[in-house]
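Undergrad: After the structure tokens below, expect a handful of questions from me.
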Amino acid sequence: MYHKHIIYDRETKDYAMYLDGELIGFARTFAEAEVTLDQLVFELMNGQYFSEAA
């Protein structure tokens, strides 16, 4: 199972989204961050998300 964390950043006034300890990105609202992380986890669990090696 994936561990999701959403942390409010007082400096930027955005919500930092973390998945398994890795910063995924930022969202304007907590709800937006929650939906984004849920979509990402759904895609990862269904094999629909592919990341390119750097």
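Each chain in the structure tokens gets a letter, A, B, ..., in the order shown, and its residues are numbered from 1; ligands are numbered from 1 in order too.
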Would you mind listing what lies within 12 Å of stretch 13-27 of chain A as a VMD selection string, with only C-alpha atoms counted and same-chain residues fewer than 4 positions away left out?

TA: chain A and resid 1 to 9 31 to 41 44

Undergrad: Only N, CA, C and O atoms, please: the residues just picked out, written as a short mmCIF file (atom, residue, chain, number, x, y, z; two decimals), in the first residue's frame.

TA:
data_model
loop_
_atom_site.label_atom_id
_atom_site.label_comp_id
_atom_site.auth_asym_id
_atom_site.auth_seq_id
_atom_site.Cartn_x
_atom_site.Cartn_y
_atom_site.Cartn_z
N MET A 1 0.83 -1.18 0.00
CA MET A 1 0.00 0.00 0.00
C MET A 1 0.88 1.24 0.00
O MET A 1 1.96 1.26 0.57
N TYR A 2 0.41 2.26 -0.61
CA TYR A 2 1.14 3.52 -0.71
C TYR A 2 0.81 4.42 0.48
O TYR A 2 -0.31 4.44 0.96
N HIS A 3 1.82 5.18 0.92
CA HIS A 3 1.63 6.12 2.03
C HIS A 3 1.55 7.53 1.47
O HIS A 3 2.50 8.01 0.85
N LYS A 4 0.40 8.17 1.66
CA LYS A 4 0.18 9.52 1.14
C LYS A 4 0.25 10.52 2.29
O LYS A 4 -0.26 10.27 3.37
N HIS A 5 0.92 11.64 2.02
CA HIS A 5 1.00 12.73 2.99
C HIS A 5 0.75 14.04 2.27
O HIS A 5 1.28 14.25 1.18
N ILE A 6 -0.02 14.89 2.90
CA ILE A 6 -0.28 16.22 2.37
C ILE A 6 0.09 17.20 3.48
O ILE A 6 -0.42 17.11 4.59
N ILE A 7 1.01 18.10 3.16
CA ILE A 7 1.52 19.03 4.16
C ILE A 7 1.37 20.45 3.64
O ILE A 7 1.80 20.76 2.52
N TYR A 8 0.77 21.31 4.46
CA TYR A 8 0.60 22.71 4.09
C TYR A 8 1.93 23.43 4.21
O TYR A 8 2.62 23.34 5.22
N ASP A 9 2.30 24.15 3.17
CA ASP A 9 3.54 24.93 3.15
C ASP A 9 3.17 26.39 3.39
O ASP A 9 2.58 27.04 2.53
N ALA A 31 -8.12 19.50 -0.84
CA ALA A 31 -8.97 18.60 -1.62
C ALA A 31 -8.34 18.26 -2.98
O ALA A 31 -8.37 17.11 -3.42
N GLU A 32 -7.75 19.26 -3.62
CA GLU A 32 -7.08 19.03 -4.90
C GLU A 32 -5.90 18.08 -4.73
O GLU A 32 -5.69 17.19 -5.55
N ALA A 33 -5.14 18.25 -3.66
CA ALA A 33 -4.02 17.37 -3.38
C ALA A 33 -4.48 15.94 -3.14
O ALA A 33 -3.89 14.99 -3.64
N GLU A 34 -5.56 15.80 -2.40
CA GLU A 34 -6.11 14.48 -2.09
C GLU A 34 -6.56 13.75 -3.36
O GLU A 34 -6.24 12.58 -3.56
N VAL A 35 -7.26 14.46 -4.22
CA VAL A 35 -7.73 13.87 -5.47
C VAL A 35 -6.55 13.48 -6.37
O VAL A 35 -6.53 12.40 -6.96
N THR A 36 -5.57 14.36 -6.45
CA THR A 36 -4.40 14.08 -7.29
C THR A 36 -3.65 12.85 -6.80
O THR A 36 -3.29 11.98 -7.61
N LEU A 37 -3.42 12.75 -5.51
CA LEU A 37 -2.74 11.57 -4.97
C LEU A 37 -3.56 10.31 -5.16
O LEU A 37 -3.02 9.25 -5.49
N ASP A 38 -4.86 10.40 -4.97
CA ASP A 38 -5.73 9.23 -5.18
C ASP A 38 -5.67 8.76 -6.62
O ASP A 38 -5.61 7.56 -6.89
N GLN A 39 -5.67 9.70 -7.57
CA GLN A 39 -5.58 9.34 -8.99
C GLN A 39 -4.25 8.67 -9.30
O GLN A 39 -4.20 7.68 -10.03
N LEU A 40 -3.17 9.21 -8.73
CA LEU A 40 -1.85 8.65 -8.97
C LEU A 40 -1.76 7.22 -8.42
O LEU A 40 -1.28 6.32 -9.10
N VAL A 41 -2.25 7.01 -7.22
CA VAL A 41 -2.22 5.67 -6.62
C VAL A 41 -3.07 4.71 -7.46
O VAL A 41 -2.65 3.58 -7.73
N LEU A 44 -1.05 3.84 -10.51
CA LEU A 44 0.06 2.95 -10.16
C LEU A 44 -0.42 1.53 -9.91
O LEU A 44 0.22 0.56 -10.32
#

Undergrad: Could you give me the residues within chain A that DSSP places in strand (DSSP E or B), as a list in words?

TA: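 Assigned to strand (DSSP E or B), within chain A: Lys4, His5, Ile6, Ile7, Tyr8, Asp9, Asp14, Tyr15, Ala16, Met17, Tyr18, Leu19, Glu22, Leu23, Ile24, Gly25, Phe26 and Ala27 of chain A.
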
Undergrad: Taking the DSSP secondary structure from the backbone, can you list the residues of chain A that are alpha helix (DSSP H), as a ChimeraX atom specification?

TA: /A:30-45
